[in-house]
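Structure first, commentary second.
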Amino acid sequence: MSDFLQFAFQGLALGAIYALVALGFVIIFKATEVINFAHGELMLLGAYLVYAFHNEANLNFYFSVLLSIAAMAVVGWIIERVILRRMVGKPVFAVVMITIGLSIVLHQIVTAKWGYSDRQMADPWVSRTVDVGDIRITQASIVTILVAAGVLGLFFAFFRYSKYGVAMRATAFDQEAALAVGIPVRRVYALSWMIAAAIAALGGVFISSFPSSLNPNLGFAALRAFPAAILGGLDSPGGAVLGGFIIGEVEVLMQAYQPDIAPWLGNNFHVVAAYVVMILVLMVRPYGLFGTPQVERV
Amino acid sequence: MSDGAAPPGSPAATVDAAPRPSRAAPGPARSRPPSPFRRLPFAQRLTGLKTSYGKQLTIYQSGFGRFWLAVLVLLAATAPFILSDFWLSVLNFTAIAAIAAIGLNLLTGFTGQVSLGHAFFVGLGAYTAGYLGGDRGLPFLVWLPAAGLLGALVGLAIGPFALRLKGLYLAIVTIGLVFLGEHLFLNLRSITGGPQGRSIPSPEIGGLDFGKLGGLSRDQSFFFLAIPVLALATLFAKNVVRSRPGRAFQAIRDREVAAAVIGVNLARYKVSAFALSSFYAAAAGALYGSYLRYVTPEQFGLLFSIQFVAMIIVGGVGTIFGSILGALFIVLIPRLVEQFSDSIPFLSKTSSGGGLDVFTFNQLIFGVLIVVFLVAEPLGLAGIWQRIKVYFRAWPFSY
């Protein structure tokens, strides 16, 4: 039983990270109707920036994280301003492919600068643990869950109460109508890319300390968070959070129990389990659990 | 029947009247002076004017088509004896990649169903070839079509997802397919050899081994197989897109609901587009495997899928010719960089210590190409080619 609780908590911590990542997908999708395939690589860049500020320039860790978040917001703004703004009105497929191209470019920039080897982030909670009853909990996962909860709270408050949050929702709902009532749609697009990139930086920091380590393959973790975003419904932030936790739990529990219970599924089945769950859910609900069905007019 | 009851102008009313020329009669219309354009082939050449649907659909848009095709066939027949093995291997990989890219273009470019799962089908084809040709010892003429057919069958099974899902949701499911495929390739050890990979036999037709024809090198020999197969694949695809199913595909791409309204059977054509595209991918995979002789599961990852998408983007989405151009481009660039890496000053030789090594640089070019083509030239290389052609067709009166 204590084993199970241990795994369940690990799943929760992983789920919190996936929720953060999925939220990045959802923000971009809500505002621009595009899945940002470069998100994983934004995380990668964000994490390496923290590494650069903290380990290479010897700045305080928390200050480095803040710096990295700010820098990534600028990166997001540049990407939107230089490339994606030209693509407004082009087919979604084209824009998605551009983000794939961008992800490849970002990945190579990081490997060209920092190489392929594993790095140690040296975060302040390194690998310290806390014992709660029988469960051993790493401090990193507690911090992850707390920060994820904080960010999610901020995010929902922003969407609900702030002027730009409401503008973002309006733009997502109907771009033309938003323009007509005087919402600066371009600024909203730029803002959503900035927010997504900033969240990516945060996600990168956590992901490089818990499931992955700081190496160029960290971006693949974002591919594992795709199912989370899809599962909840691409345009539902709440769905993304729930999807993140579901995928996190599925992955950890599969890793723990599948080899004993269902060895015929093969080695490392937990890596693809998230996709299996996603496909099953999509078969029943084609727009995810909380996604809005698209109605087509003839 | 009394004359007075018939309305004026009706046949009954004019029976007794003097015969006069009728507009509906076929004779006089023929004698109208022909349109000034009819006798001006140059004007037709200039504008690409088509005067009938038949002309719109012909495979040779002008007499030059046949001529250039003959030249191309001649070049292909002599190429193995003229070009070096480096260029032949580039062309062989291009031919194989082009077959898969044509398949993807039929699905994504013509039917509008975005798929990032092409690598899975290519891998499926390669392993089928290995299993049937290697373990079962079947001849090439059996395992190549069998690989394609197995791909088509799996495509048929995936098709229904496309009926249920739209756009990006479908794209993500096809990504899932790649991951599931890699998982299968890693775990079905008896067939795929697991992470170590497996060997795949060389193609042989009736004693002719296309891995080693007479005294020719492997690249030379394979060329004689890859190019004819590509030609067949191109011809078939060309015929599909200019006939009924092709028009149905394009109607679905342009507007699904409208296509359904005018009577296109969405389920049937979407699923058959998937099956057709997977057939191409798996057949290409079988060739790919037998050219490489050895495949491992990690070759068929997401990046491989993205390469095919890049090929159709760079070549031209929704064109058969563009798929081939794109394949050539995407295959050629990294090989060129590798070949001439010594003379590119900023490339470092080692792959560990950071800095721009050959692999990183290639990937960088690859990513930049995707972005640049989509932003600056959405029609791709085929679009550029078309513009050059129009320029010279009207020469010297081009504008």
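By order of appearance in the structure tokens: chains A, B, ..., then residues from 1 within every chain, and ligands from 1 in the order shown.
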How close does chain A get to chain B? List, as a Markdown table, each residue of chain A within 7 Å, its nearest atom pair and the distance in Å to one decimal, counting only C-alpha atoms.
```
| residue | atom | partner | partner_atom | distance |
| --- | --- | --- | --- | --- |
| A:Met87 | CA | B:Val375 | CA | 6.9 |
| A:Ala94 | CA | B:Leu374 | CA | 6.4 |
| A:Ile98 | CA | B:Val371 | CA | 5.0 |
| A:Gly101 | CA | B:Gly367 | CA | 4.1 |
| A:Leu102 | CA | B:Gly367 | CA | 6.2 |
| A:Ile104 | CA | B:Gly367 | CA | 5.2 |
| A:Val105 | CA | B:Leu364 | CA | 5.1 |
| A:Gln108 | CA | B:Thr360 | CA | 5.6 |
| A:Thr111 | CA | B:Gly354 | CA | 6.3 |
| A:Ala112 | CA | B:Gly355 | CA | 4.5 |
| A:Lys113 | CA | B:Gly354 | CA | 5.6 |
| A:Trp114 | CA | B:Gly354 | CA | 5.4 |
| A:Gly115 | CA | B:Gly354 | CA | 3.8 |
| A:Tyr116 | CA | B:Ser352 | CA | 6.4 |
| A:Gly266 | CA | B:Asn187 | CA | 5.6 |
| A:Asn267 | CA | B:Asn187 | CA | 6.8 |
| A:Val272 | CA | B:Leu180 | CA | 6.2 |
| A:Tyr275 | CA | B:Gly176 | CA | 5.4 |
| A:Ile279 | CA | B:Val173 | CA | 6.5 |
| A:Pro286 | CA | B:Leu165 | CA | 5.6 |
| A:Val298 | CA | B:Val257 | CA | 6.3 |
```
Margin query: Env of A:Leu67: 12 Å cut, atoms = only C-alpha atoms, seq-sep filter 4 positions within chain, self excluded. Answer as a PyMOL selection string.
Written below: chain A and resi 46-54+57+59-63+71-74+198+201-202
Note to self: Can you pull out every residue from stretch 188-246 of chain B that DSSP, working from the backbone, puts in helix (DSSP H, G or I), and format the result as a PyMOL selection string?
What the structure shows: chain B and resi 189-192+194-196+218-241+244-246
Check: Could you work out how far atom CA of A:Ile79 lies from atom CA of B:Leu328, giving the answer in Å with one decimal?
Finding: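 Atom CA of B:Leu328 sits 29.4 Å away from atom CA of A:Ile79.
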Next item on the list: Run DSSP on the backbone and give me the residues of stretch 1-214 of chain A it puts in strand (DSSP E), as JSON, numbers by chain.
Entry: {"A": [129, 130, 131, 132, 135, 136, 137, 138]}
Notebook entry, point to check: What separation in Å, quoted to one decimal, exists between atom CA of B:Phe67 and atom CA of B:Leu379?
Noted result: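 The value is 25.9 Å.
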Notebook entry, point to check: With only C-alpha atoms as the atoms that count, which of B:Gly315, B:Pro203, B:Gly159, B:Pro334 lies nearest to B:Ala267?
Noted result: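 Result for the nearest residue to B:Ala267: B:Gly159.
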